[in-house]
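To be precise, the following lines are structure-v1.cif, and they hold mmCIF, C-alpha atoms and all ligand atoms.
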data_upload
loop_
_atom_site.label_atom_id
_atom_site.label_comp_id
_atom_site.auth_asym_id
_atom_site.auth_seq_id
_atom_site.Cartn_x
_atom_site.Cartn_y
_atom_site.Cartn_z
CA MET O 1 26.86 1.33 1.26
CA ILE O 2 24.04 -1.21 1.03
CA LYS O 3 21.10 0.81 -0.19
CA PHE O 4 17.59 0.22 1.10
CA LEU O 5 16.20 0.50 -2.41
CA ASN O 6 17.95 1.54 -5.61
CA ILE O 7 15.26 2.59 -8.08
CA PHE O 8 17.72 3.61 -10.79
CA ARG O 9 19.38 0.16 -10.72
CA GLN O 10 16.00 -1.57 -10.61
CA ASP O 11 14.75 0.27 -13.70
CA LYS O 12 18.00 0.45 -15.67
CA ASN O 13 16.78 -1.92 -18.39
CA ILE O 14 13.84 0.36 -19.24
CA PHE O 15 15.69 3.68 -18.91
CA ASN O 16 15.75 4.27 -22.68
CA ASP O 17 12.12 3.24 -23.13
CA ASN O 18 11.07 5.68 -20.42
CA ILE O 19 12.99 8.56 -21.98
CA LYS O 20 11.53 7.75 -25.40
CA ASP O 21 7.99 7.62 -24.03
CA ILE O 22 8.36 10.86 -22.07
CA ALA O 23 9.60 12.53 -25.27
CA GLU O 24 6.59 11.17 -27.11
CA VAL O 25 4.16 12.73 -24.58
CA ILE O 26 5.99 16.06 -24.88
CA LYS O 27 5.94 15.93 -28.68
CA LYS O 28 2.22 15.20 -28.71
CA SER O 29 1.47 17.63 -25.84
CA GLU O 30 -0.67 14.90 -24.35
CA PHE O 31 0.07 15.84 -20.75
CA ILE O 32 -3.42 15.50 -19.28
CA ASN O 33 -5.71 12.46 -19.75
CA GLY O 34 -3.46 11.21 -22.57
CA THR O 35 -3.46 7.85 -24.31
CA SER O 36 -1.00 6.27 -21.86
CA VAL O 37 -3.44 6.86 -18.99
CA LYS O 38 -6.14 4.81 -20.68
CA VAL O 39 -3.64 2.14 -21.69
CA PHE O 40 -2.29 1.91 -18.16
CA GLU O 41 -5.79 1.70 -16.65
CA LYS O 42 -6.56 -1.19 -18.99
CA ASN O 43 -3.28 -2.94 -18.25
CA PHE O 44 -3.59 -2.45 -14.52
CA SER O 45 -7.17 -3.83 -14.39
CA LYS O 46 -5.94 -6.86 -16.29
CA PHE O 47 -3.09 -7.28 -13.85
CA CYS O 48 -5.40 -7.00 -10.83
CA LYS O 49 -8.12 -9.12 -12.46
CA THR O 50 -10.72 -6.38 -12.07
CA LYS O 51 -13.14 -4.88 -14.55
CA TYR O 52 -12.13 -1.28 -13.94
CA SER O 53 -9.19 0.79 -12.90
CA ILE O 54 -9.21 4.55 -12.38
CA GLY O 55 -5.90 6.38 -12.29
CA CYS O 56 -5.50 9.31 -9.91
CA ASN O 57 -2.90 11.56 -8.38
CA SER O 58 -1.71 9.47 -5.41
CA GLY O 59 -2.54 6.63 -3.05
CA THR O 60 -3.78 9.20 -0.56
CA ASP O 61 -6.24 10.55 -3.14
CA ALA O 62 -7.25 7.03 -4.18
CA LEU O 63 -8.42 6.37 -0.61
CA PHE O 64 -10.14 9.74 -0.29
CA LEU O 65 -11.94 9.41 -3.65
CA ALA O 66 -13.00 5.83 -2.93
CA LEU O 67 -14.57 6.96 0.35
CA LYS O 68 -16.22 9.98 -1.31
CA SER O 69 -17.74 7.78 -4.00
CA LEU O 70 -19.71 5.88 -1.34
CA ASN O 71 -21.73 9.03 -0.48
CA LEU O 72 -21.91 8.18 3.20
CA LYS O 73 -23.53 10.30 5.90
CA LYS O 74 -21.16 12.60 7.77
CA ASN O 75 -19.45 10.87 10.71
CA SER O 76 -20.25 7.35 9.53
CA GLU O 77 -17.73 5.06 11.16
CA VAL O 78 -14.77 3.67 9.27
CA LEU O 79 -12.65 0.94 10.85
CA LEU O 80 -8.95 0.86 10.02
CA PRO O 81 -5.75 -0.54 11.53
CA ALA O 82 -3.78 1.60 14.00
CA GLN O 83 -0.44 0.81 12.34
CA THR O 84 -0.27 2.07 8.76
CA TYR O 85 0.80 5.19 6.88
CA CYS O 86 -0.93 8.42 7.93
CA SER O 87 -2.80 8.63 4.59
CA THR O 88 -5.19 5.82 5.47
CA LEU O 89 -6.37 7.84 8.47
CA PHE O 90 -6.24 11.29 6.88
CA SER O 91 -8.38 10.17 3.94
CA VAL O 92 -11.15 9.14 6.37
CA ILE O 93 -11.02 12.44 8.25
CA ASN O 94 -10.83 14.51 5.06
CA ALA O 95 -13.89 12.66 3.71
CA GLY O 96 -15.85 13.82 6.80
CA LEU O 97 -16.07 10.32 8.28
CA LYS O 98 -15.24 9.04 11.75
CA PRO O 99 -12.14 6.85 12.08
CA VAL O 100 -12.23 3.94 14.53
CA LEU O 101 -8.84 2.37 15.08
CA VAL O 102 -8.29 -1.37 15.38
CA ASP O 103 -5.09 -3.05 16.58
CA ILE O 104 -2.93 -5.17 14.27
CA GLN O 105 -1.86 -8.75 15.00
CA LYS O 106 0.96 -9.65 17.34
CA ASP O 107 3.23 -11.27 14.79
CA ASN O 108 1.71 -10.05 11.51
CA PRO O 109 1.29 -6.47 10.27
CA THR O 110 -2.39 -6.67 9.29
CA ILE O 111 -5.62 -5.93 11.14
CA CYS O 112 -6.51 -8.12 14.15
CA THR O 113 -9.90 -9.72 13.56
CA ASP O 114 -10.61 -10.19 17.30
CA ASP O 115 -10.19 -6.48 17.90
CA LEU O 116 -12.14 -5.76 14.72
CA LYS O 117 -15.15 -7.64 16.09
CA LYS O 118 -15.02 -5.55 19.27
CA LYS O 119 -14.92 -2.27 17.34
CA LEU O 120 -17.83 -3.06 15.02
CA SER O 121 -21.03 -1.13 15.75
CA ASN O 122 -24.24 -0.37 13.94
CA LYS O 123 -22.57 2.86 12.81
CA THR O 124 -19.78 0.98 11.02
CA LYS O 125 -20.13 1.62 7.32
CA VAL O 126 -16.66 0.83 5.96
CA ILE O 127 -13.67 -1.29 6.86
CA ILE O 128 -10.36 -0.32 5.32
CA ILE O 129 -8.01 -3.24 5.40
CA VAL O 130 -4.37 -2.41 4.80
CA HIS O 131 -2.17 -5.03 3.18
CA LEU O 132 0.82 -3.62 5.05
CA TYR O 133 4.35 -4.53 3.91
CA GLY O 134 2.77 -6.42 0.97
CA GLU O 135 1.09 -8.92 3.28
CA CYS O 136 -2.53 -9.72 2.53
CA SER O 137 -5.03 -9.12 5.35
CA ASP O 138 -7.09 -12.03 6.68
CA ILE O 139 -9.86 -11.50 4.15
CA LYS O 140 -11.69 -14.75 4.62
CA LYS O 141 -12.22 -14.07 8.31
CA ILE O 142 -13.08 -10.41 7.70
CA LYS O 143 -15.68 -11.27 5.04
CA LYS O 144 -17.22 -13.79 7.42
CA ILE O 145 -17.45 -11.18 10.18
CA ILE O 146 -19.24 -8.65 7.94
CA LYS O 147 -21.46 -11.13 6.11
CA ASN O 148 -25.06 -9.87 5.88
CA LYS O 149 -24.04 -6.53 7.35
CA ASN O 150 -24.17 -3.48 5.15
CA ILE O 151 -20.48 -2.71 5.37
CA TYR O 152 -18.19 -1.73 2.50
CA LEU O 153 -14.73 -3.24 2.27
CA ILE O 154 -11.94 -1.05 0.90
CA GLU O 155 -8.48 -2.48 0.38
CA ASP O 156 -5.56 -0.15 1.01
CA ALA O 157 -3.28 -1.95 -1.40
CA ALA O 158 -0.71 0.86 -1.56
CA GLN O 159 2.02 -1.61 -0.56
CA ALA O 160 0.71 -4.78 -2.14
CA HIS O 161 0.71 -4.67 -5.96
CA GLY O 162 0.50 -8.28 -7.08
CA ALA O 163 -0.02 -9.85 -3.65
CA ILE O 164 -2.30 -12.86 -3.55
CA ASP O 165 -4.76 -14.03 -0.94
CA TYR O 166 -4.64 -17.82 -0.83
CA SER O 167 -7.29 -18.24 1.87
CA TYR O 168 -9.87 -19.14 -0.81
CA GLY O 169 -7.98 -22.03 -2.32
CA LYS O 170 -5.03 -22.94 -4.49
CA LYS O 171 -5.43 -20.30 -7.19
CA GLY O 172 -5.90 -17.46 -4.73
CA GLU O 173 -7.36 -14.03 -5.32
CA LYS O 174 -5.39 -11.03 -6.45
CA VAL O 175 -5.15 -8.06 -4.12
CA GLY O 176 -7.19 -5.27 -5.68
CA SER O 177 -10.02 -7.57 -6.72
CA ILE O 178 -11.24 -8.60 -3.28
CA GLY O 179 -12.98 -5.60 -1.70
CA ASP O 180 -15.62 -3.26 -3.12
CA MET O 181 -12.73 -1.05 -4.15
CA ALA O 182 -8.97 -1.16 -3.76
CA CYS O 183 -6.59 1.78 -3.56
CA PHE O 184 -3.05 1.71 -4.87
CA SER O 185 -0.14 4.10 -4.52
CA PHE O 186 2.55 4.37 -7.17
CA TYR O 187 4.84 6.48 -5.00
CA PRO O 188 8.36 5.92 -6.43
CA GLY O 189 9.49 3.46 -3.74
CA LYS O 190 6.47 1.17 -4.05
CA ASN O 191 6.64 -2.29 -5.69
CA LEU O 192 5.15 -0.54 -8.72
CA GLY O 193 6.35 3.04 -8.51
CA ALA O 194 6.10 6.03 -10.84
CA TYR O 195 8.67 8.83 -11.05
CA GLY O 196 6.51 11.17 -9.00
CA ASP O 197 3.12 10.92 -7.30
CA ALA O 198 0.52 8.60 -8.80
CA GLY O 199 -2.25 6.26 -7.67
CA ALA O 200 -5.23 4.20 -8.81
CA ILE O 201 -8.48 2.65 -7.64
CA THR O 202 -9.62 -0.76 -8.88
CA THR O 203 -13.18 -2.08 -8.73
CA ASN O 204 -15.62 -4.45 -10.38
CA ASN O 205 -18.52 -2.09 -9.78
CA LYS O 206 -19.62 0.00 -12.78
CA LYS O 207 -21.30 2.68 -10.69
CA TYR O 208 -18.20 3.36 -8.59
CA PHE O 209 -16.16 3.37 -11.78
CA LYS O 210 -18.35 5.97 -13.45
CA ASP O 211 -18.53 8.16 -10.35
CA LEU O 212 -14.79 7.96 -9.77
CA LEU O 213 -14.05 9.04 -13.35
CA GLN O 214 -15.93 12.24 -12.57
CA LEU O 215 -14.72 12.69 -9.01
CA ARG O 216 -11.07 12.69 -10.11
CA ASN O 217 -11.68 15.06 -13.04
CA LEU O 218 -13.52 18.08 -11.58
CA GLY O 219 -16.91 16.45 -11.90
CA GLY O 220 -16.97 15.41 -15.53
CA ILE O 221 -15.46 13.18 -18.14
CA LYS O 222 -15.25 15.71 -20.94
CA LYS O 223 -13.68 19.15 -20.84
CA TYR O 224 -16.00 21.79 -19.33
CA GLN O 225 -18.44 19.16 -18.15
CA HIS O 226 -18.93 19.57 -14.36
CA ASN O 227 -21.76 17.41 -13.07
CA LEU O 228 -20.36 17.17 -9.54
CA ILE O 229 -18.42 19.45 -7.22
CA ALA O 230 -15.31 17.36 -7.37
CA PHE O 231 -11.52 17.25 -7.35
CA ASN O 232 -8.53 17.50 -9.62
CA SER O 233 -6.77 14.22 -9.02
CA ARG O 234 -5.73 12.91 -12.41
CA LEU O 235 -2.95 10.51 -13.21
CA ASP O 236 -0.31 12.36 -15.27
CA THR O 237 0.23 10.99 -18.78
CA ILE O 238 4.00 10.97 -18.28
CA GLN O 239 3.65 8.94 -15.08
CA ALA O 240 1.23 6.56 -16.79
CA SER O 241 3.70 5.90 -19.61
CA ILE O 242 6.42 5.06 -17.06
CA LEU O 243 4.00 2.82 -15.16
CA ASN O 244 3.16 0.98 -18.40
CA ASN O 245 6.84 0.17 -18.88
CA LYS O 246 7.36 -0.81 -15.25
CA LEU O 247 4.23 -2.98 -14.99
CA LYS O 248 5.89 -5.49 -17.33
CA TYR O 249 8.55 -6.14 -14.69
CA LEU O 250 6.36 -6.09 -11.58
CA ASN O 251 5.99 -9.87 -11.33
CA SER O 252 9.71 -10.53 -11.77
CA ASN O 253 10.63 -7.83 -9.24
CA ASN O 254 8.10 -9.24 -6.77
CA LEU O 255 9.66 -12.66 -7.23
CA LYS O 256 13.09 -11.21 -6.45
CA ARG O 257 11.67 -9.63 -3.29
CA LYS O 258 10.25 -13.00 -2.28
CA LYS O 259 13.68 -14.62 -2.72
CA ILE O 260 15.30 -11.94 -0.58
CA ALA O 261 12.67 -12.50 2.12
CA LEU O 262 13.33 -16.23 2.01
CA PHE O 263 17.06 -15.59 2.40
CA TYR O 264 16.44 -13.38 5.43
CA THR O 265 14.06 -15.92 6.95
CA LYS O 266 16.56 -18.75 6.58
CA ASN O 267 19.65 -16.85 7.63
CA ILE O 268 18.63 -14.48 10.42
CA ASN O 269 19.20 -16.31 13.63
CA ASN O 270 19.43 -14.25 16.77
CA LYS O 271 17.41 -14.67 19.95
CA HIS O 272 16.95 -10.90 20.18
CA VAL O 273 15.27 -10.77 16.78
CA GLN O 274 11.70 -11.81 16.00
CA LEU O 275 10.66 -12.53 12.43
CA LEU O 276 7.08 -11.80 11.39
CA ARG O 277 4.55 -14.34 10.17
CA TYR O 278 4.19 -13.60 6.46
CA SER O 279 1.91 -15.61 4.19
CA LYS O 280 2.61 -17.27 0.83
CA GLY O 281 1.11 -14.50 -1.30
CA CYS O 282 3.07 -11.65 0.34
CA VAL O 283 5.05 -9.40 -2.04
CA TYR O 284 7.35 -7.97 0.64
CA HIS O 285 7.07 -4.26 0.09
CA GLN O 286 8.98 -4.25 3.35
CA PHE O 287 10.79 -6.95 5.27
CA VAL O 288 10.31 -5.96 8.88
CA ILE O 289 11.87 -7.60 11.92
CA LEU O 290 11.12 -6.86 15.57
CA SER O 291 13.80 -6.47 18.20
CA LYS O 292 13.75 -5.18 21.77
CA LYS O 293 17.34 -4.15 21.06
CA GLU O 294 16.17 -1.98 18.15
CA LYS O 295 18.33 1.01 19.12
CA LYS O 296 21.50 -1.08 19.37
CA LEU O 297 20.73 -2.98 16.17
CA THR O 298 20.00 0.08 14.05
CA LYS O 299 23.23 1.67 15.34
CA LEU O 300 25.10 -1.44 14.31
CA LEU O 301 23.50 -1.49 10.84
CA THR O 302 24.40 2.18 10.34
CA LYS O 303 27.98 1.51 11.46
CA LYS O 304 28.22 -1.25 8.85
CA ASN O 305 26.87 1.08 6.13
CA ILE O 306 23.57 -0.77 5.80
CA GLN O 307 20.53 1.43 5.23
CA TRP O 308 17.40 0.58 7.22
CA GLY O 309 13.93 2.06 7.72
CA LYS O 310 11.01 2.41 10.14
CA HIS O 311 7.50 1.67 8.84
CA TYR O 312 6.22 3.46 10.77
CA PRO O 313 7.81 5.09 13.82
CA GLN O 314 4.45 6.17 15.27
CA PRO O 315 1.10 4.40 15.23
CA LEU O 316 -1.85 6.51 14.08
CA HIS O 317 -3.06 7.34 17.62
CA LYS O 318 0.31 8.92 18.41
CA LEU O 319 0.69 11.20 15.38
CA GLY O 320 1.08 14.87 16.25
CA ALA O 321 -2.02 15.76 14.25
CA THR O 322 -4.34 13.11 15.65
CA LYS O 323 -3.17 12.15 19.13
CA LYS O 324 -5.86 14.27 20.79
CA MET O 325 -8.51 12.40 18.82
CA PHE O 326 -7.45 9.04 20.27
CA LYS O 327 -6.48 10.15 23.78
CA ASN O 328 -6.15 7.33 26.34
CA MET O 329 -6.53 4.64 23.70
CA ASN O 330 -4.10 1.75 23.49
CA PHE O 331 -3.14 -0.48 20.61
CA PRO O 332 -0.37 -2.62 22.09
CA ASN O 333 0.63 -4.48 18.94
CA ALA O 334 0.72 -1.32 16.82
CA GLU O 335 2.84 0.34 19.51
CA TYR O 336 5.14 -2.68 19.65
CA PHE O 337 5.69 -2.64 15.88
CA SER O 338 6.37 1.08 15.76
CA THR O 339 8.84 0.94 18.65
CA TYR O 340 10.69 -2.28 17.88
CA GLY O 341 10.19 -2.72 14.12
CA ILE O 342 13.14 -2.34 11.75
CA SER O 343 12.76 -2.54 7.95
CA LEU O 344 15.69 -4.25 6.25
CA PRO O 345 16.95 -3.43 2.73
CA ILE O 346 14.55 -4.87 0.16
CA ASP O 347 16.00 -3.72 -3.13
CA PRO O 348 15.05 -6.50 -5.60
CA ASN O 349 18.61 -6.53 -6.96
CA LEU O 350 20.49 -6.93 -3.71
CA LYS O 351 23.52 -9.17 -4.24
CA LYS O 352 24.04 -12.37 -2.29
CA ARG O 353 27.14 -10.97 -0.60
CA GLU O 354 25.11 -7.93 0.50
CA LEU O 355 22.41 -10.17 1.96
CA VAL O 356 25.06 -12.26 3.75
CA LYS O 357 26.55 -9.09 5.24
CA ILE O 358 23.12 -7.91 6.45
CA CYS O 359 22.33 -11.28 8.10
CA ASP O 360 25.83 -11.57 9.64
CA THR O 361 25.49 -8.09 11.08
CA ILE O 362 22.10 -8.88 12.61
CA ASN O 363 23.32 -12.20 13.96
CA SER O 364 26.35 -10.54 15.56
CA LEU O 365 24.16 -8.39 17.83
C1 LIG T 1 -0.43 1.88 3.35
C2 LIG T 1 -0.39 3.17 2.59
N1 LIG T 1 -1.54 3.82 2.34
C3 LIG T 1 -1.55 4.95 1.63
C4 LIG T 1 -0.40 5.50 1.13
C5 LIG T 1 -0.46 6.81 0.41
O1 LIG T 1 0.05 6.76 -0.88
P1 LIG T 1 0.70 8.06 -1.58
O2 LIG T 1 2.03 8.29 -0.95
O3 LIG T 1 0.79 7.67 -3.01
O4 LIG T 1 -0.24 9.19 -1.37
C6 LIG T 1 0.81 4.84 1.34
C7 LIG T 1 2.05 5.37 0.74
O5 LIG T 1 3.00 5.73 1.28
C8 LIG T 1 0.83 3.65 2.10
O6 LIG T 1 1.96 3.00 2.34
#

Mind turning the file's structure into structure tokens?
Amino acid sequence: MIKFLNIFRQDKNIFNDNIKDIAEVIKKSEFINGTSVKVFEKNFSKFCKTKYSIGCNSGTDALFLALKSLNLKKNSEVLLPAQTYCSTLFSVINAGLKPVLVDIQKDNPTICTDDLKKKLSNKTKVIIIVHLYGECSDIKKIKKIIKNKNIYLIEDAAQAHGAIDYSYGKKGEKVGSIGDMACFSFYPGKNLGAYGDAGAITTNNKKYFKDLLQLRNLGGIKKYQHNLIAFNSRLDTIQASILNNKLKYLNSNNLKRKKIALFYTKNINNKHVQLLRYSKGCVYHQFVILSKKEKKLTKLLTKKNIQWGKHYPQPLHKLGATKKMFKNMNFPNAEYFSTYGISLPIDPNLKKRELVKICDTINSL
């Protein structure tokens, strides 16, 4: 069986460190707001090249808390792409704001700037850009569109730890440091994943930082201090200690993902298969291909014992919970991706013979 992602194999070299660090947290009974949380926040800000990083319970909460920290009027409009994980949308609705969906690009999984321009209104207060599959959104264009407008930019970087936007020159800018705030998920399968739920928000803004520290911790920083009616969304100390160990290997694992993507790009050659346009700074959380013969191809992959995925099988306007909200709306590219997209195995430690088998199988369609 060629596994889609093998987390145990990926983290084998730090297995003993993780066990030792978990034991340490248990011995010290430092389960909540422990030392590892602060250490991880410091390390993660350094990694993202931001001043601040605030750990929280999940990527979903990171988005919700980031939106709450802006203190916007009820029903303020938030623009977001129609093809992403449900959390991006749910966080907007749960924060009492109005979601406005924007299509993605035809051959790239990020927000379409032409459609974005059409959806902008004087009620638009936030744009959430999603760096889907590890691919950086077209930030330069987006920043130009919102220049001199009072619109906040939030990055949903749940799938893009370490991705770089090169649109500003050779050195590029790290995902997480580009918008007013950026939201990360450390769901186990992510490029940087914990061993349970975990998330973080990064920012360079001191006010957001201070507010977020309280919002995630029932309204205060110290025990029994409750200045705001807030939420319990802390990053577990045990998860933070695992993330500290795994952060050291994020760059090398991202590099391995890039090599796998390059192999796929060079070796997949079938007229029924369309490759996406990925940019240089992409960290390939997913490697997605499009095929009108998606049903036949996925059947073939399964027959050959190759795991595959769908990210995601329904665009946001077709989810059971929200389809009424977006009745009669069309997002052709988002629909195309959800129908014809297939995610190929992206385990950083896939062997060459496994990659050859995957490409041969696809090419034999
Ligand atoms: C793009 C995107 N946004 C948000 C989330 C939510 O993150 P979490 O699962 O940690 O709540 C995810 C994770 O699946 C995601 O892929």

Check your understanding: Which polymer residues have any atom within 8 Å of an atom of region 74-89 of chain O, counting all atoms listed in the file, with same-chain residues fewer than 4 positions away left out, as a ChimeraX atom specification?
Key -> /O:59-60,63,93,96-104,109-111,116,119-120,123-130,132,156,311-312,314-317,331,334-335,337-338

Selected residues, C-alpha atoms, written as a CSV table (one decimal), in the coordinates of the input, please.
chain,number,residue,atom,x,y,z
O,59,GLY,CA,-2.5,6.6,-3.0
O,60,THR,CA,-3.8,9.2,-0.6
O,63,LEU,CA,-8.4,6.4,-0.6
O,93,ILE,CA,-11.0,12.4,8.2
O,96,GLY,CA,-15.8,13.8,6.8
O,97,LEU,CA,-16.1,10.3,8.3
O,98,LYS,CA,-15.2,9.0,11.8
O,99,PRO,CA,-12.1,6.8,12.1
O,100,VAL,CA,-12.2,3.9,14.5
O,101,LEU,CA,-8.8,2.4,15.1
O,102,VAL,CA,-8.3,-1.4,15.4
O,103,ASP,CA,-5.1,-3.0,16.6
O,104,ILE,CA,-2.9,-5.2,14.3
O,109,PRO,CA,1.3,-6.5,10.3
O,110,THR,CA,-2.4,-6.7,9.3
O,111,ILE,CA,-5.6,-5.9,11.1
O,116,LEU,CA,-12.1,-5.8,14.7
O,119,LYS,CA,-14.9,-2.3,17.3
O,120,LEU,CA,-17.8,-3.1,15.0
O,123,LYS,CA,-22.6,2.9,12.8
O,124,THR,CA,-19.8,1.0,11.0
O,125,LYS,CA,-20.1,1.6,7.3
O,126,VAL,CA,-16.7,0.8,6.0
O,127,ILE,CA,-13.7,-1.3,6.9
O,128,ILE,CA,-10.4,-0.3,5.3
O,129,ILE,CA,-8.0,-3.2,5.4
O,130,VAL,CA,-4.4,-2.4,4.8
O,132,LEU,CA,0.8,-3.6,5.0
O,156,ASP,CA,-5.6,-0.2,1.0
O,311,HIS,CA,7.5,1.7,8.8
O,312,TYR,CA,6.2,3.5,10.8
O,314,GLN,CA,4.4,6.2,15.3
O,315,PRO,CA,1.1,4.4,15.2
O,316,LEU,CA,-1.8,6.5,14.1
O,317,HIS,CA,-3.1,7.3,17.6
O,331,PHE,CA,-3.1,-0.5,20.6
O,334,ALA,CA,0.7,-1.3,16.8
O,335,GLU,CA,2.8,0.3,19.5
O,337,PHE,CA,5.7,-2.6,15.9
O,338,SER,CA,6.4,1.1,15.8

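The shortest atom-to-atom distance to Ile32 (chain O), with all atoms listed in the file taken into account, belongs to O:Arg234 out of O:Lys207, O:Lys303, O:Lys118, O:Arg234.
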
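Among the candidates O:Thr361, O:Gln274, O:Gln286, O:Asn328, the residue lying nearest to ligand LIG 1 (chain T) is O:Gln286 (atoms considered: all atoms listed in the file).
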
Practice item. Show me as a PyMOL selection string the residues that reach within 8 Å of (0.5, -6.4, 1.8), counting all atoms listed in the file and using the file's own coordinates. Key: chain O and resi 130-137+157+159-161+163+282-285

Point to revise | Selected residue, from O:Ile14, O:Cys183, O:Ile54, O:Ile178, that lies nearest to ligand LIG 1 (chain T) when counting all atoms listed in the file | key: O:Cys183

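Omitting Pro348 (chain O) and its sequence neighbours fewer than 2 positions away, and counting all atoms listed in the file, the residues within 8 Å are Leu5, Gln10, Asn253, Asn254, Lys256, Arg257, Ile260, Ile346 and Leu350 of chain O.
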
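Between ligand LIG 1 (chain T) and the residues O:Leu250, O:Ile22, O:Leu355, O:Leu65, the shortest atom-to-atom distance, using only C-alpha atoms and all ligand atoms, involves O:Leu65.
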
Revision key, fill the gap. Judged by all atoms listed in the file, the minimum distance to ligand LIG 1 (chain T) among O:Val356, O:Ala200, O:Leu255, O:Ile362 is found for O:Ala200

Study note, to complete from the structure: From CA of Leu247 (chain O) to CA of Ala23 (chain O) the spacing works out at 19.4 Å

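The smallest atom-to-atom distance between ligand LIG 1 (chain T) and any of O:Phe31, O:Phe64, O:Phe326, O:Tyr208, using only C-alpha atoms and all ligand atoms, is found for O:Phe64.
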
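Interatomic distance, CA of Ser69 (chain O) to CA of Arg216 (chain O): 10.3 Å.
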
Review point. Expressed in Å to a single decimal, how great is the separation between CA of Leu213 (chain O) and CA of Gly189 (chain O)?
Key: 26.0 Å

Exercise for review: Fewer than 2 positions away in the same chain doesn't count, so skip those; otherwise give me all residues within 10 Å of Ser45 (chain O), counting all atoms listed in the file, as a ChimeraX atom specification.
Suggested key: /O:40-43,47-54,176-177,200-204

Check your understanding: Counting all atoms listed in the file, what is within 6 Å of Ser185 (chain O), bar same-chain residues fewer than 2 positions away, as an MDAnalysis selection string?
Key -> chainID O and resid 58:59 158 187 199

Review point. Near Leu218 (chain O), within 10 Å and counting all atoms listed in the file, which residues show up once chain neighbours fewer than 6 positions away are dropped, as a PyMOL selection string?
Key: chain O and resi 224-234

Within 9 Å of (3.3, -7.9, 12.6) (file coordinates; all atoms listed in the file), which protein or nucleic acid residues are there? I'd like them as a short mmCIF file (atom, residue, chain, number, x, y, z; two decimals) with C-alpha atoms, in the frame of the given file.
data_model
loop_
_atom_site.label_atom_id
_atom_site.label_comp_id
_atom_site.auth_asym_id
_atom_site.auth_seq_id
_atom_site.Cartn_x
_atom_site.Cartn_y
_atom_site.Cartn_z
CA ILE O 104 -2.93 -5.17 14.27
CA GLN O 105 -1.86 -8.75 15.00
CA LYS O 106 0.96 -9.65 17.34
CA ASP O 107 3.23 -11.27 14.79
CA ASN O 108 1.71 -10.05 11.51
CA PRO O 109 1.29 -6.47 10.27
CA THR O 110 -2.39 -6.67 9.29
CA LEU O 275 10.66 -12.53 12.43
CA LEU O 276 7.08 -11.80 11.39
CA ARG O 277 4.55 -14.34 10.17
CA TYR O 278 4.19 -13.60 6.46
CA VAL O 288 10.31 -5.96 8.88
CA ILE O 289 11.87 -7.60 11.92
CA LEU O 290 11.12 -6.86 15.57
CA ASN O 333 0.63 -4.48 18.94
CA ALA O 334 0.72 -1.32 16.82
CA TYR O 336 5.14 -2.68 19.65
CA PHE O 337 5.69 -2.64 15.88
CA GLY O 341 10.19 -2.72 14.12
#
